[in-house]
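Beneath this line is the structure, given in structure tokens, with notes to follow.
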Amino acid sequence: MSDSDDKYPTESGRRRFVKGVVGGAALAGVGAAGSATVNSATTSPGAGGGPTQAYAIENTAGPAPRGMPLIPVEIDSEGYLKGVWPDVQTETQNGVEIEVAETDNFRGSGVAYSSEWFQYCGVQSYPQLAPSAEADNFFRSDSGAYTWQQETYSAGDKLHVDDFSDYREWGNGIGDPGIGKPATGTWRSQDSEDTMPIQVIKSPVVEQKAPEVGGFFEAATQEGFLAWLNKCTHFCCVPGWKQSADAAKFGNANHVYCQCHQSLYDPFTVVQTLFTALPRPDE
Ligand code: FES
């Protein structure tokens, strides 16, 4: 996937967002030309960013350039679901020391899991994406895209494994029943005006495939739970799994569907993607 396939919408005129985009263009230029000078008074490269290999649920149709990045799942001692934030460390990039959040060899998968996976669609500018930001890693319900979720949680409640116990039977009339139970929510967004939307599913398909496939798929899932940053890589809409019957019209009712321009993603296939992560703002 070439860098130019990454498209971003014009949005909020917030200065920090604009800075991030300018920096991203500058870095993309470095990759294409082999060398370039990106420092100037007006085009800050920001911190981090650049060519990044992420693991993602596969994009199968539509204009999205790549899959949406996985958020590795962990379950705390009380059964609440959390997303793993990578280890914070200091690195030297272009002669400058910067903080990064990256875990080498994540859970023995051989994959370096990095917060750069989430640096697109303006998320790179969110304060909670700073490597050492004090943020809540629990997956918390939003207002809920599913009836069961609306009946079980209020917005802000932590998602709990017990509420997914009927995942082998659950269905809502969209796609096949019995392939998993979903919830929508947020991550690291408790005290921020910027929301990182997530989708979580607990699925017997994930339970079966994770040990077969191994690698990051197995490392990032726990007890059949799989989660991803739910920002479409096309123009940053929030897609949904089993939320629209239109998914079937455009390819597969069992795939994650983006209603904006009909991109589809397969939540049961995890692939490696290469893209240019946008730099975080230089605060
Ligand atoms: S397909 Fe365009 S934003 Fe998702």
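By order of appearance in the structure tokens: chains A, B, ..., then residues from 1 within every chain, and ligands from 1 in the order shown.
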
Contact residues around Asn254 in chain A with only C-alpha atoms at 9 Å, ignoring same-chain residues under 4 positions, as a VMD selection string: chain A and resid 174 to 176 179 241 to 242 247 to 248 266 to 267

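Considering only C-alpha atoms and all ligand atoms, every residue of the polymer chains approaching ligand 1 to 6 Å or closer is listed here: Pro63, Ala64, Cys232, His234, Phe235, Cys236, Cys237, Cys258, Cys260, His261, Gln262 and Ser263 of chain A.
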
Please save C-alpha atoms of the selected residues as a CSV table (one decimal), in the first residue's frame.
chain,number,residue,atom,x,y,z
A,63,PRO,CA,-12.2,2.3,-0.7
A,64,ALA,CA,-10.4,1.9,2.7
A,232,CYS,CA,-12.3,3.5,9.2
A,234,HIS,CA,-10.7,5.7,4.5
A,235,PHE,CA,-12.2,8.9,5.8
A,236,CYS,CA,-12.3,8.1,9.5
A,237,CYS,CA,-16.0,7.2,10.0
A,258,CYS,CA,-18.6,1.3,7.1
A,260,CYS,CA,-19.9,6.2,4.7
A,261,HIS,CA,-18.5,4.6,1.5
A,262,GLN,CA,-19.2,0.9,2.0
A,263,SER,CA,-15.8,-0.4,3.0

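Around Lys231 in chain A, within 7 Å and counting only C-alpha atoms, the residues found are Met68, Pro197, Cys237, Val238 and Pro239 of chain A, once anything fewer than 6 positions away on its own chain is removed.
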
field: Distance criterion (only C-alpha atoms): nearest to Ser189 in chain A out of A:Ala155, A:Leu278, A:Ile75, A:Ala112
entry: A:Ala155

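When only C-alpha atoms are used to measure the gap to Thr184 in chain A, the shortest distance among A:Gln150, A:Gly144, A:Glu212, A:Ser165 belongs to A:Gly144.
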
- prompt: Near Val270 in chain A, within 6 Å and counting only C-alpha atoms, which residues show up once chain neighbours fewer than 2 positions away are dropped, as a VMD selection string?
  reply: chain A and resid 56 to 58

Write a file of the just-selected residues containing C-alpha atoms, as a compact mmCIF listing (two decimals), in the first residue's frame.
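Output (selection-v2.txt):
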# COMPACT_ATOMS: atom_id res chain seq x y z
CA ALA A 56 -5.19 -5.17 11.68
CA ILE A 57 -8.50 -6.76 10.82
CA GLU A 58 -8.43 -7.18 7.08

- request: Just the alpha helix (DSSP H) stuff from range 190-237 of chain A, please, per backbone DSSP, written as a PyMOL selection string.
  value: chain A and resi 204-213+215-220

message: Which of range 38-113 of chain A end up as strand (DSSP E or B) when DSSP is run on this backbone - answer as number ranges by chain?
response: A: 47, 50-61, 68-70, 73-75, 80-83, 88-93, 96-103, 113

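As for CA of Trp85 in chain A and CA of Val111 in chain A, they are spaced 14.3 Å apart.
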